Amino acid sequence: MADLMDVSVLRGVGDLAVEQRPVPSPALGEVLIRVGSVGVCGSDVHYFRHGRIGDYVVRQPLVLGHEGGGTIVAVGEGVDSSRLGQRVAMEPGVPDRICRECKAGRYNLCPNVRFFATPPIDGCFAEFVTLAADFAHPVPDSISDDGAGLIEPLSVGVWACGKVGVGPGSRVLISGAGPIGLMNAQVARALGATEIIVSDVAPTRLEAATRFGATVLVDAREPDAIGPQLEVDAFIDCSGAPPAVRQGITAVRPAGRVALVGMGADELSLPVSLIQNRELTVTGTFRYANTYPTAIALAAAGRVDLDGMVTGHFGLDDVESALSADKDPANLKVIVEPGRR
């Protein structure tokens, strides 16, 4: 193994460069992973274009990418050497394991979590990364390298659908037919939802939704297309658009549930009297916890289609192109392959 590796580094807003850095060594309880595929997330795009997301600000060079999969090539002290050569999906947020939230099993809410590509923690647009061994989840050969990376956004869908209690016979509304919306639609289908209504303003995205679980398509530009007449059991907002959130809530039946997944406005107005009168449960979602085993099982069983969502591959020299691919609505999920030449 070489001593140096190539890394794509965000040096400032819109400023990317490929640099060489030493290959890291796995510490106690860690593994070294040769990165195979990394999905590009909207957060990567936002850091590239704006240099910040809320309170998280890029103040020093940062390696983007957190939807990663790869192969274990070295193990640190305390890790069984039988894991060498194992293909894994990388769960990118390692908590401190000792705080109140971790002790309660809510490790996604750990205040000290170290999450890939969240300043100042580097991500995995790199040839090699180290990771806590128990956050490197083995995947079977039935899951491709791309699929191993996309277990991360699939986990967002597993978490959100669990939050709103999607199950056999559920009627679900999902706003936003981007990658996360389509992941939620696939998970809802796999969990037994019989009606999956997907709304968006982009016809191209709506057409794609039919391939990934949607049973009903709604053009969100049409007035009154979303409202009480839908009477859904659950509403999952993946758009972050305030109008979509407000309209979606009105479509939820009494005692239904709402999950806010999309990152949009910091503040928005909600129909409080409707929420009270219908006794709706409205919850935020922040990443996920203990979802990787379920997500891997769904992908391995063919219950979700991860490879079908991939619309392009890029090497480290072309990360800027990968981060700009979202300008074409036909691009659902693009992949960075750090070893691609």
# chains A, B, ... in the order shown; residues from 1 in each chain; ligands from 1
$ select_by_dssp --residues "segment 76-237 of chain A" --states "strand (DSSP E)" --output "ChimeraX atom specification"
/A:87-90,93-94,114-115,128-132,136-138,171-175,195-200,216-219,232-237
$ closest_atom_pairs --of "segment 140-210 of chain A" --to "segment 301-315 of chain A" --cutoff "6 Å" --atoms "only C-alpha atoms" --output "tab-separated table"
residue	atom	partner	partner_atom	distance
A:Gly147	CA	A:Leu306	CA	5.5
A:Gln186	CA	A:Val304	CA	5.8
A:Ala190	CA	A:Arg303	CA	5.8
$ closest_residue --among "A:Glu267, A:Glu337, A:Glu320, A:Glu152" --to "Val13 of chain A" --atoms "only C-alpha atoms"
A:Glu320
$ closest_residue --among "A:Cys161, A:Ile143, A:Met5, A:Ala209" --to "Thr291 of chain A" --atoms "only C-alpha atoms"
A:Cys161
$ closest_atom_pairs --of "segment 31-95 of chain A" --to "segment 119-132 of chain A" --cutoff "7 Å" --atoms "only C-alpha atoms" --output "Markdown table"
| residue | atom | partner | partner_atom | distance |
| --- | --- | --- | --- | --- |
| A:Val31 | CA | A:Thr130 | CA | 5.6 |
| A:Leu32 | CA | A:Thr130 | CA | 4.5 |
| A:Ile33 | CA | A:Val129 | CA | 5.4 |
| A:Arg34 | CA | A:Phe128 | CA | 4.6 |
| A:Val35 | CA | A:Glu127 | CA | 5.4 |
| A:Tyr56 | CA | A:Pro119 | CA | 6.1 |
| A:Val57 | CA | A:Pro119 | CA | 6.3 |
| A:Val58 | CA | A:Pro119 | CA | 5.7 |
| A:Leu62 | CA | A:Asp122 | CA | 5.6 |
| A:Val63 | CA | A:Asp122 | CA | 4.6 |
| A:Leu64 | CA | A:Gly123 | CA | 4.8 |
| A:Gly65 | CA | A:Gly123 | CA | 4.9 |
| A:His66 | CA | A:Gly123 | CA | 5.5 |
| A:Gly68 | CA | A:Cys124 | CA | 6.6 |
$ write_last_selection --atoms "C-alpha atoms" --output "mmCIF file, in the first residue's frame"
data_model
loop_
_atom_site.group_PDB
_atom_site.id
_atom_site.type_symbol
_atom_site.label_atom_id
_atom_site.label_comp_id
_atom_site.auth_asym_id
_atom_site.auth_seq_id
_atom_site.Cartn_x
_atom_site.Cartn_y
_atom_site.Cartn_z
ATOM 1 C CA VAL A 31 -10.418 -0.136 10.426
ATOM 2 C CA LEU A 32 -8.792 1.340 7.330
ATOM 3 C CA ILE A 33 -11.114 1.310 4.329
ATOM 4 C CA ARG A 34 -10.215 1.619 0.670
ATOM 5 C CA VAL A 35 -13.109 3.764 -0.541
ATOM 6 C CA TYR A 56 -21.757 24.402 10.420
ATOM 7 C CA VAL A 57 -19.247 26.618 8.611
ATOM 8 C CA VAL A 58 -16.275 25.585 6.464
ATOM 9 C CA LEU A 62 -12.612 20.157 4.199
ATOM 10 C CA VAL A 63 -12.999 16.774 2.507
ATOM 11 C CA LEU A 64 -16.611 16.282 1.435
ATOM 12 C CA GLY A 65 -18.565 13.038 1.036
ATOM 13 C CA HIS A 66 -20.340 10.896 3.622
ATOM 14 C CA GLY A 68 -19.482 5.805 1.422
#
$ closest_residue --among "A:Ile275, A:Val7, A:Val218, A:Val94" --to "Ser199 of chain A" --atoms "only C-alpha atoms"
A:Val218
$ residues_around --residues "segment 228-243 of chain A" --least-positions-apart "3" --cutoff "7 Å" --atoms "only C-alpha atoms" --output "NGL selection string"
:A and (164 or 170-176 or 180-181 or 246-253 or 256-265 or 268)
$ closest_residue --among "A:Gly39, A:Val334, A:Gly29, A:Asn290" --to "Ala322 of chain A" --atoms "only C-alpha atoms"
A:Val334
$ residues_around --residues "Pro168 of chain A" --least-positions-apart "6" --cutoff "7 Å" --atoms "only C-alpha atoms" --output "list in words"
Leu191, Gly192 and Ala193 of chain A
$ atom_distance --atom1 "atom CA of Met183 of chain A" --atom2 "atom CA of Arg211 of chain A"
11.4 Å
$ select_by_dssp --residues "segment 54-228 of chain A" --states "alpha helix (DSSP H)" --output "PyMOL selection string"
chain A and resi 100-103+145-163+179-190+203-209
$ closest_residue --among "A:Arg205, A:Arg278, A:Arg114, A:Arg11" --to "Arg49 of chain A" --atoms "only C-alpha atoms"
A:Arg11
$ closest_residue --among "A:Gly227, A:Gly42, A:Pro61, A:Gly70" --to "Asp146 of chain A" --atoms "only C-alpha atoms"
A:Gly70
$ residues_around --residues "Leu28 of chain A" --least-positions-apart "6" --cutoff "8 Å" --atoms "only C-alpha atoms" --output "list in words"
Gly76, Glu77, Gly78 and Val79 of chain A
$ residues_around --residues "Asn112 of chain A" --least-positions-apart "2" --cutoff "10 Å" --atoms "only C-alpha atoms" --output "list of chain:residue names"
A:Gly93, A:Val94, A:Pro95, A:Asp96, A:Arg97, A:Ile98, A:Cys99, A:Tyr107, A:Asn108, A:Leu109, A:Cys110, A:Arg114, A:Phe115
